>>> print(open('coords26.cif').read())   # mmCIF, C-alpha atoms
data_data
loop_
_atom_site.label_atom_id
_atom_site.label_comp_id
_atom_site.auth_asym_id
_atom_site.auth_seq_id
_atom_site.Cartn_x
_atom_site.Cartn_y
_atom_site.Cartn_z
CA MET I 23 -178.06 -101.84 -45.30
CA GLN I 24 -175.91 -104.43 -47.02
CA TRP I 25 -176.34 -102.79 -50.43
CA ASP I 26 -176.22 -99.13 -51.37
CA TYR I 27 -179.72 -97.77 -50.68
CA CYS I 28 -180.81 -101.44 -50.45
CA ASP I 29 -180.20 -101.91 -54.18
CA LYS I 30 -177.81 -104.77 -54.98
CA ARG I 31 -177.20 -103.33 -58.45
CA ARG I 32 -175.51 -100.31 -56.82
CA GLY I 33 -172.96 -102.46 -55.00
CA PRO I 34 -172.06 -102.76 -51.29
CA SER I 35 -173.32 -100.00 -49.01
CA GLY I 36 -171.25 -97.53 -47.07
CA ASP I 37 -172.81 -99.04 -43.93
CA LYS I 38 -170.99 -102.28 -44.61
CA ALA I 39 -167.63 -100.79 -45.62
CA TRP I 40 -167.50 -98.06 -43.01
CA PHE I 41 -169.06 -99.69 -39.96
CA TYR I 42 -169.28 -103.48 -40.22
CA ASP I 43 -165.80 -103.98 -41.71
CA ASN I 44 -164.23 -101.81 -39.00
CA PHE I 45 -166.15 -103.37 -36.11
CA LEU I 46 -164.56 -106.64 -37.25
CA GLN I 47 -161.22 -105.11 -36.23
CA LEU I 48 -162.49 -104.01 -32.83
CA ALA I 49 -164.44 -106.99 -31.50
CA GLU I 50 -163.94 -110.74 -31.31
CA GLN I 51 -167.43 -111.36 -32.67
CA VAL I 52 -169.56 -109.12 -34.88
CA GLU I 53 -172.94 -110.31 -36.11
CA PRO I 54 -174.50 -108.25 -38.94
CA PHE I 55 -178.23 -107.79 -39.30
CA TRP I 56 -178.88 -106.75 -42.91
CA TYR I 57 -182.42 -105.48 -43.32
CA ASP I 58 -182.52 -104.83 -47.09
CA GLU I 59 -184.62 -107.85 -48.04
CA HIS I 60 -187.15 -107.30 -45.26
CA LEU I 61 -188.24 -103.72 -46.01
CA ASN I 62 -191.46 -104.87 -47.65
CA ASP I 63 -192.55 -106.63 -44.46
CA LEU I 64 -191.75 -104.38 -41.48
CA PRO I 65 -193.65 -106.47 -38.88
CA ARG I 66 -191.51 -109.46 -39.84
CA LEU I 67 -188.40 -107.27 -39.69
CA GLN I 68 -189.17 -106.34 -36.06
CA ARG I 69 -189.68 -109.98 -35.13
CA LEU I 70 -186.48 -111.13 -36.82
CA LEU I 71 -184.39 -108.47 -35.09
CA LEU I 72 -185.78 -109.31 -31.66
CA GLU I 73 -185.19 -113.01 -32.27
CA LYS I 74 -181.64 -112.33 -33.43
CA ALA I 75 -180.86 -110.33 -30.30
CA GLU I 76 -182.30 -113.02 -28.02
CA LYS I 77 -180.18 -115.67 -29.70
CA TYR I 78 -176.97 -113.65 -29.91
CA GLU I 79 -177.08 -111.81 -26.53
CA PRO I 80 -175.00 -108.84 -27.79
CA ASP I 81 -172.86 -106.54 -25.67
CA LEU I 82 -173.92 -103.70 -27.98
CA ILE I 83 -176.42 -103.27 -30.82
CA PHE I 84 -175.20 -100.57 -33.22
CA PHE I 85 -177.70 -98.97 -35.60
CA ILE I 86 -177.19 -96.78 -38.65
CA PRO I 87 -180.77 -95.46 -38.88
CA TYR I 88 -182.12 -94.75 -42.33
CA THR I 89 -185.82 -93.91 -41.97
CA ASP I 90 -188.53 -95.86 -40.16
CA GLN I 91 -187.29 -99.44 -40.45
CA PHE I 92 -187.50 -100.10 -36.71
CA SER I 93 -190.50 -99.23 -34.57
CA ILE I 94 -190.29 -97.41 -31.26
CA GLU I 95 -191.74 -100.51 -29.59
CA THR I 96 -188.93 -102.66 -31.00
CA LEU I 97 -186.24 -100.17 -29.98
CA ASP I 98 -187.64 -99.87 -26.45
CA ALA I 99 -187.77 -103.66 -26.08
CA LEU I 100 -184.14 -103.97 -27.18
CA LYS I 101 -182.98 -101.08 -24.97
CA GLN I 102 -184.47 -102.77 -21.89
CA LYS I 103 -182.19 -105.80 -22.32
CA TRP I 104 -179.08 -104.64 -24.20
CA PRO I 105 -177.11 -101.43 -24.78
CA THR I 106 -178.12 -99.86 -28.10
CA CYS I 107 -176.40 -97.10 -30.02
CA ALA I 108 -177.51 -95.09 -33.06
CA TRP I 109 -175.36 -93.13 -35.53
CA PHE I 110 -177.26 -90.00 -36.59
CA GLY I 111 -175.29 -88.61 -39.53
CA ASP I 112 -177.61 -85.89 -40.84
CA ASP I 113 -178.61 -83.92 -37.75
CA SER I 114 -177.85 -80.60 -39.44
CA TRP I 115 -181.14 -81.04 -41.33
CA ARG I 116 -182.83 -84.13 -39.80
CA PHE I 117 -182.67 -83.48 -36.06
CA ASP I 118 -186.08 -81.87 -35.58
CA GLY I 119 -187.97 -84.19 -37.90
CA TYR I 120 -186.20 -87.47 -37.15
CA SER I 121 -183.35 -87.77 -34.64
CA SER I 122 -185.14 -85.91 -31.84
CA LYS I 123 -188.01 -88.39 -32.07
CA MET I 124 -185.86 -91.53 -32.25
CA ALA I 125 -182.89 -90.77 -29.97
CA PRO I 126 -184.74 -91.30 -26.65
CA HIS I 127 -185.32 -94.93 -27.66
CA TYR I 128 -181.59 -95.78 -27.84
CA SER I 129 -179.14 -96.15 -24.95
CA TYR I 130 -176.60 -93.95 -26.76
CA SER I 131 -176.85 -91.47 -29.62
CA CYS I 132 -173.98 -90.37 -31.86
CA THR I 133 -174.23 -87.10 -33.79
CA THR I 134 -171.97 -85.68 -36.49
CA ASP I 135 -173.39 -82.19 -35.96
CA PRO I 136 -171.72 -80.15 -33.19
CA PHE I 137 -174.56 -77.64 -33.37
CA SER I 138 -177.07 -80.31 -32.33
CA VAL I 139 -175.26 -81.27 -29.13
CA ASP I 140 -177.09 -78.70 -27.03
CA LYS I 141 -180.39 -79.81 -28.57
CA TYR I 142 -179.74 -83.35 -27.36
CA ARG I 143 -178.81 -82.07 -23.93
CA GLY I 144 -182.05 -80.11 -23.83
CA MET I 145 -183.79 -83.48 -24.16
CA GLY I 146 -181.76 -84.97 -21.32
CA ILE I 147 -179.45 -86.92 -23.66
CA GLU I 148 -175.66 -86.61 -23.60
CA PRO I 149 -174.73 -87.42 -27.20
CA ILE I 150 -171.43 -88.80 -28.44
CA LEU I 151 -170.04 -86.21 -30.84
CA THR I 152 -168.43 -87.97 -33.80
CA GLN I 153 -167.97 -87.26 -37.51
CA TRP I 154 -167.98 -88.87 -40.93
CA ALA I 155 -164.59 -90.19 -41.94
CA ALA I 156 -162.62 -92.04 -44.60
CA GLN I 157 -162.28 -95.72 -45.36
CA PRO I 158 -159.31 -97.14 -47.33
CA TYR I 159 -160.51 -99.39 -50.15
CA SER I 160 -157.30 -100.21 -52.03
CA PRO I 161 -155.36 -103.32 -50.97
CA GLU I 162 -152.26 -101.13 -50.79
CA PRO I 163 -152.33 -97.73 -49.02
CA LEU I 164 -152.51 -94.80 -51.42
CA ALA I 165 -150.42 -91.67 -51.08
CA PRO I 166 -150.08 -88.36 -52.95
CA LEU I 167 -148.39 -88.68 -56.32
CA ARG I 168 -144.68 -87.94 -56.19
CA GLU I 169 -143.18 -85.13 -58.21
CA GLY I 170 -142.84 -86.29 -61.79
CA GLU I 171 -145.65 -88.86 -61.61
CA PRO I 172 -148.36 -87.99 -64.16
CA TYR I 173 -151.87 -86.87 -63.27
CA ARG I 174 -154.85 -88.11 -65.27
CA TYR I 175 -157.03 -85.05 -64.63
CA GLU I 176 -156.60 -81.41 -63.77
CA VAL I 177 -159.98 -80.89 -62.06
CA SER I 178 -162.47 -83.60 -61.00
CA PHE I 179 -165.66 -84.05 -59.05
CA VAL I 180 -167.02 -87.38 -57.78
CA GLY I 181 -170.61 -87.39 -56.57
CA ALA I 182 -174.17 -87.69 -57.77
CA ARG I 183 -175.50 -84.94 -59.98
CA ASN I 184 -178.33 -82.75 -58.75
CA GLU I 185 -179.65 -79.36 -59.83
CA VAL I 186 -177.38 -77.41 -57.48
CA ARG I 187 -174.24 -79.26 -58.53
CA GLY I 188 -175.19 -79.12 -62.20
CA TRP I 189 -175.66 -75.36 -61.95
CA PHE I 190 -172.32 -74.96 -60.14
CA ILE I 191 -170.42 -76.96 -62.76
CA LYS I 192 -171.98 -74.88 -65.53
CA ARG I 193 -170.75 -71.71 -63.81
CA LEU I 194 -167.23 -73.15 -63.68
CA VAL I 195 -167.34 -74.14 -67.35
CA LYS I 196 -168.50 -70.63 -68.19
CA ALA I 197 -165.44 -69.35 -66.30
CA GLY I 198 -163.18 -71.56 -68.44
CA ILE I 199 -162.73 -74.41 -65.94
CA LYS I 200 -163.14 -77.92 -67.34
CA VAL I 201 -164.34 -80.41 -64.72
CA ASN I 202 -164.36 -84.20 -65.10
CA CYS I 203 -167.51 -85.37 -63.30
CA PHE I 204 -168.22 -88.90 -62.10
CA GLY I 205 -171.31 -90.28 -60.39
CA ALA I 206 -175.00 -90.97 -60.91
CA GLY I 207 -176.52 -88.47 -63.31
CA TRP I 208 -173.29 -87.44 -65.06
CA PRO I 209 -172.40 -88.76 -68.54
CA ALA I 210 -169.41 -90.70 -67.14
CA GLY I 211 -171.71 -92.50 -64.69
CA ARG I 212 -170.97 -94.12 -61.35
CA VAL I 213 -167.53 -95.40 -60.37
CA SER I 214 -166.51 -98.02 -57.81
CA TYR I 215 -165.01 -97.05 -54.45
CA LEU I 216 -161.66 -98.29 -55.73
CA GLU I 217 -161.79 -96.15 -58.86
CA MET I 218 -163.01 -93.20 -56.80
CA GLU I 219 -159.84 -93.36 -54.71
CA ARG I 220 -157.67 -93.41 -57.80
CA ILE I 221 -159.49 -90.44 -59.29
CA PHE I 222 -158.84 -88.49 -56.09
CA ARG I 223 -155.15 -89.37 -56.16
CA ASP I 224 -154.71 -88.84 -59.90
CA THR I 225 -156.40 -85.40 -60.01
CA LYS I 226 -154.60 -82.14 -59.38
CA ILE I 227 -157.67 -80.47 -57.86
CA ASN I 228 -160.60 -82.42 -56.43
CA LEU I 229 -163.76 -80.38 -55.95
CA ASN I 230 -166.01 -81.10 -52.99
CA LEU I 231 -169.39 -79.63 -53.97
CA SER I 232 -172.29 -78.91 -51.64
CA ASN I 233 -175.29 -81.23 -51.62
CA SER I 234 -177.52 -78.65 -49.91
CA VAL I 235 -179.90 -76.11 -51.38
CA SER I 236 -177.95 -73.17 -52.79
CA ARG I 237 -178.69 -69.74 -51.39
CA ASP I 238 -177.07 -68.07 -54.39
CA VAL I 239 -179.77 -65.77 -55.78
CA ARG I 240 -178.73 -66.68 -59.32
CA PHE I 241 -179.59 -70.30 -58.65
CA VAL I 242 -182.74 -69.64 -56.61
CA LEU I 243 -184.22 -67.40 -59.31
CA GLY I 244 -182.99 -69.62 -62.13
CA GLY I 245 -186.26 -71.56 -62.43
CA VAL I 246 -189.53 -72.48 -60.74
CA LYS I 247 -188.12 -75.79 -59.46
CA ASN I 248 -185.10 -74.05 -57.96
CA LEU I 249 -187.33 -71.55 -56.18
CA ALA I 250 -189.60 -74.29 -54.88
CA ARG I 251 -186.62 -76.33 -53.67
CA TYR I 252 -185.27 -73.31 -51.81
CA PHE I 253 -188.46 -72.99 -49.77
CA VAL I 254 -189.34 -76.69 -49.38
CA SER I 255 -186.14 -78.72 -49.07
CA GLN I 256 -184.98 -79.67 -45.59
CA LYS I 257 -181.37 -79.90 -46.79
CA ASN I 258 -180.71 -76.19 -46.39
CA VAL I 259 -177.74 -76.35 -44.02
CA GLU I 260 -174.19 -77.28 -45.00
CA GLN I 261 -172.66 -80.30 -43.27
CA MET I 262 -169.46 -82.28 -43.12
CA LYS I 263 -169.56 -85.47 -45.18
CA ALA I 264 -167.34 -88.47 -45.82
CA ARG I 265 -165.95 -86.83 -48.96
CA ASN I 266 -164.11 -84.26 -46.82
CA PHE I 267 -161.94 -87.11 -45.55
CA GLU I 268 -161.95 -89.52 -48.49
CA ILE I 269 -160.17 -87.13 -50.84
CA PRO I 270 -157.12 -86.53 -48.60
CA LEU I 271 -156.86 -90.16 -47.46
CA ALA I 272 -156.43 -91.15 -51.11
CA GLY I 273 -153.69 -88.52 -51.47
CA GLY I 274 -155.72 -85.90 -53.34
CA PHE I 275 -155.80 -82.14 -53.02
CA GLN I 276 -159.23 -80.92 -51.86
CA LEU I 277 -160.97 -77.65 -52.76
CA ALA I 278 -164.18 -77.77 -50.73
CA ASN I 279 -167.25 -75.69 -50.10
CA TYR I 280 -166.91 -74.16 -46.64
CA VAL I 281 -168.85 -75.98 -43.92
CA PRO I 282 -169.12 -74.56 -40.38
CA GLY I 283 -166.87 -76.72 -38.21
CA LEU I 284 -164.52 -77.81 -41.01
CA GLU I 285 -161.68 -76.14 -39.14
CA ARG I 286 -162.17 -78.65 -36.29
CA TYR I 287 -160.77 -81.35 -38.58
CA PHE I 288 -158.42 -79.61 -41.03
CA LYS I 289 -156.41 -76.43 -40.90
CA ILE I 290 -157.81 -74.24 -43.65
CA GLY I 291 -155.07 -73.04 -45.98
CA ASP I 292 -152.60 -75.69 -44.81
CA GLU I 293 -154.62 -78.93 -45.13
CA VAL I 294 -157.65 -77.90 -47.17
CA SER I 295 -158.72 -74.95 -49.32
CA VAL I 296 -162.28 -73.63 -49.34
CA TYR I 297 -164.63 -71.49 -51.41
CA THR I 298 -168.13 -70.08 -50.97
CA THR I 299 -169.11 -69.10 -54.55
CA PRO I 300 -168.46 -70.44 -58.06
CA GLU I 301 -166.30 -67.39 -58.73
CA GLU I 302 -164.12 -68.06 -55.68
CA CYS I 303 -163.86 -71.68 -56.71
CA ALA I 304 -162.73 -70.82 -60.26
CA MET I 305 -160.21 -68.31 -58.91
CA GLN I 306 -158.67 -70.91 -56.59
CA VAL I 307 -158.61 -73.58 -59.29
CA ARG I 308 -156.52 -71.29 -61.48
CA TYR I 309 -154.29 -70.40 -58.53
CA TYR I 310 -153.54 -73.95 -57.41
CA LEU I 311 -153.03 -75.24 -60.93
CA SER I 312 -150.19 -72.74 -61.27
CA HIS I 313 -148.75 -73.24 -57.74
CA GLU I 314 -147.88 -76.92 -57.74
CA ALA I 315 -145.55 -76.96 -54.74
CA GLU I 316 -148.14 -75.33 -52.50
CA ARG I 317 -150.84 -77.66 -53.77
CA ARG I 318 -148.69 -80.73 -53.13
CA SER I 319 -147.81 -79.51 -49.64
CA ILE I 320 -151.49 -79.10 -48.70
CA ALA I 321 -152.38 -82.53 -50.08
CA ALA I 322 -149.52 -84.20 -48.21
CA ALA I 323 -150.39 -82.53 -44.89
CA ALA I 324 -154.07 -83.46 -45.17
CA HIS I 325 -153.17 -87.04 -46.13
CA GLU I 326 -151.03 -87.51 -43.03
CA ARG I 327 -153.61 -85.99 -40.71
CA THR I 328 -156.43 -88.10 -42.15
CA LYS I 329 -154.42 -91.30 -41.70
CA ARG I 330 -153.66 -90.25 -38.14
CA GLU I 331 -157.09 -89.04 -37.02
CA HIS I 332 -159.93 -89.36 -39.51
CA THR I 333 -160.69 -92.96 -40.51
CA TYR I 334 -163.83 -94.84 -39.51
CA LEU I 335 -161.70 -97.09 -37.35
CA HIS I 336 -160.69 -94.00 -35.34
CA ARG I 337 -164.34 -92.93 -35.03
CA LEU I 338 -165.57 -96.34 -33.84
CA GLU I 339 -162.69 -96.69 -31.39
CA ASP I 340 -163.74 -93.36 -29.86
CA ILE I 341 -167.40 -94.38 -29.73
CA VAL I 342 -166.93 -97.75 -28.05
CA GLY I 343 -164.29 -96.18 -25.80
CA THR I 344 -166.89 -93.67 -24.65
CA ILE I 345 -169.56 -96.32 -24.10
CA TRP I 346 -167.27 -98.72 -22.21
CA ARG I 347 -164.95 -96.31 -20.45
#
>>> encode(input="coords26.cif", output="structure tokens")
Amino acid sequence: MQWDYCDKRRGPSGDKAWFYDNFLQLAEQVEPFWYDEHLNDLPRLQRLLLEKAEKYEPDLIFFIPYTDQFSIETLDALKQKWPTCAWFGDDSWRFDGYSSKMAPHYSYSCTTDPFSVDKYRGMGIEPILTQWAAQPYSPEPLAPLREGEPYRYEVSFVGARNEVRGWFIKRLVKAGIKVNCFGAGWPAGRVSYLEMERIFRDTKINLNLSNSVSRDVRFVLGGVKNLARYFVSQKNVEQMKARNFEIPLAGGFQLANYVPGLERYFKIGDEVSVYTTPEECAMQVRYYLSHEAERRSIAAAAHERTKREHTYLHRLEDIVGTIWR
């Protein structure tokens, strides 16, 4: 997608910033195929993609699958002539219903979920284990604020509002924690990628809130919709996301919901702090607001590690290195 969720009003998509812009640094020629404007005519979309591949003769066709834009017949026809690779970023909750059905029709499959690797192998596919990452947006590299430089916010959250996140923020407010919230659904509204980075850097404590269905009984029994969502929603497993890496790359301190596997990427306690309940979150907010040196040390360590290991350029280098080793 060229635009966020194929909507030009929302600005450029992550697909473009994270993948296309970084492939430009890795290959002499990169030809994008934006499918936003063709979603209302899927047969034409298949034809245009096949024609583009025939004309361009690519060494690799890299997909960021969304839903059902490309038919199995199209994918099989491409795979017969050129190497194809798909990035499956939501296997923690989409493997059974989506990735498992589509992966056999690509030459290579990338997964961000370490717990799905054995599932792929059970299908006879050796996946490339990768992960979400961070992308620098500012013209000049950001870094943690130096001692004496002023912060704009004490506690912030950047991300779309949903019922789970709204409930969590209310619990924090009830505990006396004021949180500045930015994103679709919050009064402050959406912010640009550039402003997002500056919020991360200029905030003492950046919250990373879950986007999955809460298993907290207080939330589940808090209303009929919450109860229904608990039983129906597929997003019932925590997963790593780009935000885990975006906050530290911008120089911010991150207080994140614990996700299984987080310790593969950051040392908990030294590079990131975690919580599992609103009460634990409020307790740590109070602690880190009053322990500035420790907070700064964690932010600095995470910033250096993210620059060293966790950008999208690193991820794509690993992927193409695996394909063409």
>>> resolve_selection(input="coords26.cif", expression="the PyMOL selection byres ((chain I and resi 317) around 12)", output="NGL selection string")
:I and (166-167 or 169 or 225-228 or 273-277 or 291-295 or 306-316 or 318-324)
>>> atom_distance(input="coords26.cif", atom1="atom CA of I:Trp25", atom2="atom CA of I:Gln91")
15.2 Å
>>> resolve_selection(input="coords26.cif", expression="the PyMOL selection byres ((chain I and resi 164) around 6)", output="mmCIF file with C-alpha atoms, in the frame of the given file")
data_model
loop_
_atom_site.group_PDB
_atom_site.id
_atom_site.type_symbol
_atom_site.label_atom_id
_atom_site.label_comp_id
_atom_site.auth_asym_id
_atom_site.auth_seq_id
_atom_site.Cartn_x
_atom_site.Cartn_y
_atom_site.Cartn_z
ATOM 1 C CA PRO I 163 -152.330 -97.730 -49.020
ATOM 2 C CA ALA I 165 -150.420 -91.670 -51.080
ATOM 3 C CA ALA I 272 -156.430 -91.150 -51.110
#
>>> resolve_selection(input="coords26.cif", expression="the PyMOL selection byres ((chain I and resi 262) around 8)", output="PDB file with C-alpha atoms, keeping the file's coordinate frame")
ATOM      1  CA  THR I 134    -171.970 -85.680 -36.490  1.00  0.00           C
ATOM      2  CA  GLN I 153    -167.970 -87.260 -37.510  1.00  0.00           C
ATOM      3  CA  TRP I 154    -167.980 -88.870 -40.930  1.00  0.00           C
ATOM      4  CA  GLU I 260    -174.190 -77.280 -45.000  1.00  0.00           C
ATOM      5  CA  GLN I 261    -172.660 -80.300 -43.270  1.00  0.00           C
ATOM      6  CA  LYS I 263    -169.560 -85.470 -45.180  1.00  0.00           C
ATOM      7  CA  ALA I 264    -167.340 -88.470 -45.820  1.00  0.00           C
ATOM      8  CA  ASN I 266    -164.110 -84.260 -46.820  1.00  0.00           C
ATOM      9  CA  VAL I 281    -168.850 -75.980 -43.920  1.00  0.00           C
ATOM     10  CA  GLY I 283    -166.870 -76.720 -38.210  1.00  0.00           C
ATOM     11  CA  LEU I 284    -164.520 -77.810 -41.010  1.00  0.00           C
TER      12      LEU I 284
END
>>> residues_around(input="coords26.cif", residues="stretch 175-182 of chain I", least_positions_apart="2", cutoff="8 Å", atoms="only C-alpha atoms", output="mmCIF file with C-alpha atoms, in the coordinates of the input")
data_model
loop_
_atom_site.group_PDB
_atom_site.id
_atom_site.type_symbol
_atom_site.label_atom_id
_atom_site.label_comp_id
_atom_site.auth_asym_id
_atom_site.auth_seq_id
_atom_site.Cartn_x
_atom_site.Cartn_y
_atom_site.Cartn_z
ATOM 1 C CA TYR I 173 -151.870 -86.870 -63.270
ATOM 2 C CA ASN I 184 -178.330 -82.750 -58.750
ATOM 3 C CA LYS I 200 -163.140 -77.920 -67.340
ATOM 4 C CA VAL I 201 -164.340 -80.410 -64.720
ATOM 5 C CA ASN I 202 -164.360 -84.200 -65.100
ATOM 6 C CA CYS I 203 -167.510 -85.370 -63.300
ATOM 7 C CA PHE I 204 -168.220 -88.900 -62.100
ATOM 8 C CA GLY I 205 -171.310 -90.280 -60.390
ATOM 9 C CA ALA I 206 -175.000 -90.970 -60.910
ATOM 10 C CA GLY I 207 -176.520 -88.470 -63.310
ATOM 11 C CA TRP I 208 -173.290 -87.440 -65.060
ATOM 12 C CA MET I 218 -163.010 -93.200 -56.800
ATOM 13 C CA ILE I 221 -159.490 -90.440 -59.290
ATOM 14 C CA PHE I 222 -158.840 -88.490 -56.090
ATOM 15 C CA ASP I 224 -154.710 -88.840 -59.900
ATOM 16 C CA THR I 225 -156.400 -85.400 -60.010
ATOM 17 C CA LYS I 226 -154.600 -82.140 -59.380
ATOM 18 C CA ILE I 227 -157.670 -80.470 -57.860
ATOM 19 C CA ASN I 228 -160.600 -82.420 -56.430
ATOM 20 C CA LEU I 229 -163.760 -80.380 -55.950
ATOM 21 C CA ASN I 230 -166.010 -81.100 -52.990
ATOM 22 C CA LEU I 231 -169.390 -79.630 -53.970
ATOM 23 C CA VAL I 307 -158.610 -73.580 -59.290
ATOM 24 C CA LEU I 311 -153.030 -75.240 -60.930
#
>>> closest_residue(input="coords26.cif", among="I:Met145, I:Cys28, I:Leu97, I:Ala156", to="I:Ala75", atoms="only C-alpha atoms")
I:Leu97
>>> residues_around(input="coords26.cif", residues="I:Ser138", least_positions_apart="3", cutoff="8 Å", atoms="all atoms listed in the file", output="list in words")
Asp113, Ser114, Phe117, Thr133, Asp135, Lys141 and Tyr142 of chain I
>>> axis_aligned_box(input="coords26.cif", around="stretch 153-169 of chain I", padding_each_side="4 Å", output="JSON")
{"center_x": -155.6, "center_y": -94.2, "center_z": -47.9, "size_x": 32.8, "size_y": 26.2, "size_z": 28.7}
>>> closest_residue(input="coords26.cif", among="I:Ala155, I:Leu46, I:Ile345, I:Ile191", to="I:Lys329", atoms="all atoms listed in the file")
I:Ala155
>>> atom_distance(input="coords26.cif", atom1="atom CA of I:Trp40", atom2="atom CA of I:Asp63")
26.5 Å
>>> atom_distance(input="coords26.cif", atom1="atom CA of I:Trp104", atom2="atom CA of I:Leu71")
12.7 Å
>>> residues_around(input="coords26.cif", residues="I:Leu216", least_positions_apart="5", cutoff="9 Å", atoms="all atoms listed in the file", output="VMD selection string")
chain I and resid 158 to 160 221
>>> residues_around(input="coords26.cif", residues="I:Ser121", least_positions_apart="3", cutoff="10 Å", atoms="all atoms listed in the file", output="list in words")
Pro87, Thr89, Ala108, Trp109, Phe110, Gly111, Asp112, Asp113, Trp115, Arg116, Phe117, Asp118, Met124, Ala125, Pro126, Ser131, Thr133 and Tyr142 of chain I
>>> decode(input="coords26.cif", residues="stretch 58-107 of chain I", atoms="C-alpha atoms", output="PDB file, in the first residue's frame")
ATOM      1  CA  ASP I  58      -4.302   1.016  -3.537  1.00  0.00           C
ATOM      2  CA  GLU I  59      -6.170   2.345  -6.561  1.00  0.00           C
ATOM      3  CA  HIS I  60      -6.932  -1.110  -7.953  1.00  0.00           C
ATOM      4  CA  LEU I  61      -8.702  -2.691  -4.971  1.00  0.00           C
ATOM      5  CA  ASN I  62     -12.121  -2.170  -6.526  1.00  0.00           C
ATOM      6  CA  ASP I  63     -11.147  -4.251  -9.554  1.00  0.00           C
ATOM      7  CA  LEU I  64      -9.221  -7.320  -8.368  1.00  0.00           C
ATOM      8  CA  PRO I  65      -9.184  -9.112 -11.768  1.00  0.00           C
ATOM      9  CA  ARG I  66      -7.487  -6.055 -13.267  1.00  0.00           C
ATOM     10  CA  LEU I  67      -5.084  -5.957 -10.327  1.00  0.00           C
ATOM     11  CA  GLN I  68      -3.959  -9.538 -11.066  1.00  0.00           C
ATOM     12  CA  ARG I  69      -3.419  -8.720 -14.730  1.00  0.00           C
ATOM     13  CA  LEU I  70      -1.457  -5.545 -14.011  1.00  0.00           C
ATOM     14  CA  LEU I  71       0.861  -7.319 -11.575  1.00  0.00           C
ATOM     15  CA  LEU I  72       1.591 -10.152 -14.003  1.00  0.00           C
ATOM     16  CA  GLU I  73       2.250  -7.653 -16.788  1.00  0.00           C
ATOM     17  CA  LYS I  74       4.548  -5.635 -14.540  1.00  0.00           C
ATOM     18  CA  ALA I  75       6.580  -8.715 -13.629  1.00  0.00           C
ATOM     19  CA  GLU I  76       6.903  -9.779 -17.275  1.00  0.00           C
ATOM     20  CA  LYS I  77       8.165  -6.338 -18.231  1.00  0.00           C
ATOM     21  CA  TYR I  78      10.493  -5.839 -15.271  1.00  0.00           C
ATOM     22  CA  GLU I  79      11.927  -9.399 -14.910  1.00  0.00           C
ATOM     23  CA  PRO I  80      12.634  -9.003 -11.156  1.00  0.00           C
ATOM     24  CA  ASP I  81      15.247 -10.876  -9.156  1.00  0.00           C
ATOM     25  CA  LEU I  82      12.774 -10.877  -6.255  1.00  0.00           C
ATOM     26  CA  ILE I  83       9.128  -9.898  -5.756  1.00  0.00           C
ATOM     27  CA  PHE I  84       8.556  -8.837  -2.146  1.00  0.00           C
ATOM     28  CA  PHE I  85       4.996  -8.774  -0.805  1.00  0.00           C
ATOM     29  CA  ILE I  86       3.546  -7.247   2.351  1.00  0.00           C
ATOM     30  CA  PRO I  87       0.236  -9.161   2.321  1.00  0.00           C
ATOM     31  CA  TYR I  88      -2.803  -7.372   3.671  1.00  0.00           C
ATOM     32  CA  THR I  89      -5.841  -9.557   2.968  1.00  0.00           C
ATOM     33  CA  ASP I  90      -6.920 -11.134  -0.311  1.00  0.00           C
ATOM     34  CA  GLN I  91      -5.561  -8.683  -2.883  1.00  0.00           C
ATOM     35  CA  PHE I  92      -3.700 -11.356  -4.849  1.00  0.00           C
ATOM     36  CA  SER I  93      -5.223 -14.651  -5.899  1.00  0.00           C
ATOM     37  CA  ILE I  94      -3.558 -18.008  -5.414  1.00  0.00           C
ATOM     38  CA  GLU I  95      -3.504 -18.415  -9.198  1.00  0.00           C
ATOM     39  CA  THR I  96      -1.591 -15.143  -9.576  1.00  0.00           C
ATOM     40  CA  LEU I  97       0.883 -16.032  -6.828  1.00  0.00           C
ATOM     41  CA  ASP I  98       1.509 -19.486  -8.302  1.00  0.00           C
ATOM     42  CA  ALA I  99       2.085 -18.013 -11.769  1.00  0.00           C
ATOM     43  CA  LEU I 100       4.612 -15.531 -10.367  1.00  0.00           C
ATOM     44  CA  LYS I 101       6.366 -18.162  -8.236  1.00  0.00           C
ATOM     45  CA  GLN I 102       6.939 -20.353 -11.307  1.00  0.00           C
ATOM     46  CA  LYS I 103       9.033 -17.632 -12.977  1.00  0.00           C
ATOM     47  CA  TRP I 104      10.521 -15.463 -10.218  1.00  0.00           C
ATOM     48  CA  PRO I 105      11.460 -15.755  -6.534  1.00  0.00           C
ATOM     49  CA  THR I 106       8.672 -14.343  -4.363  1.00  0.00           C
ATOM     50  CA  CYS I 107       8.755 -13.479  -0.680  1.00  0.00           C
TER      51      CYS I 107
END
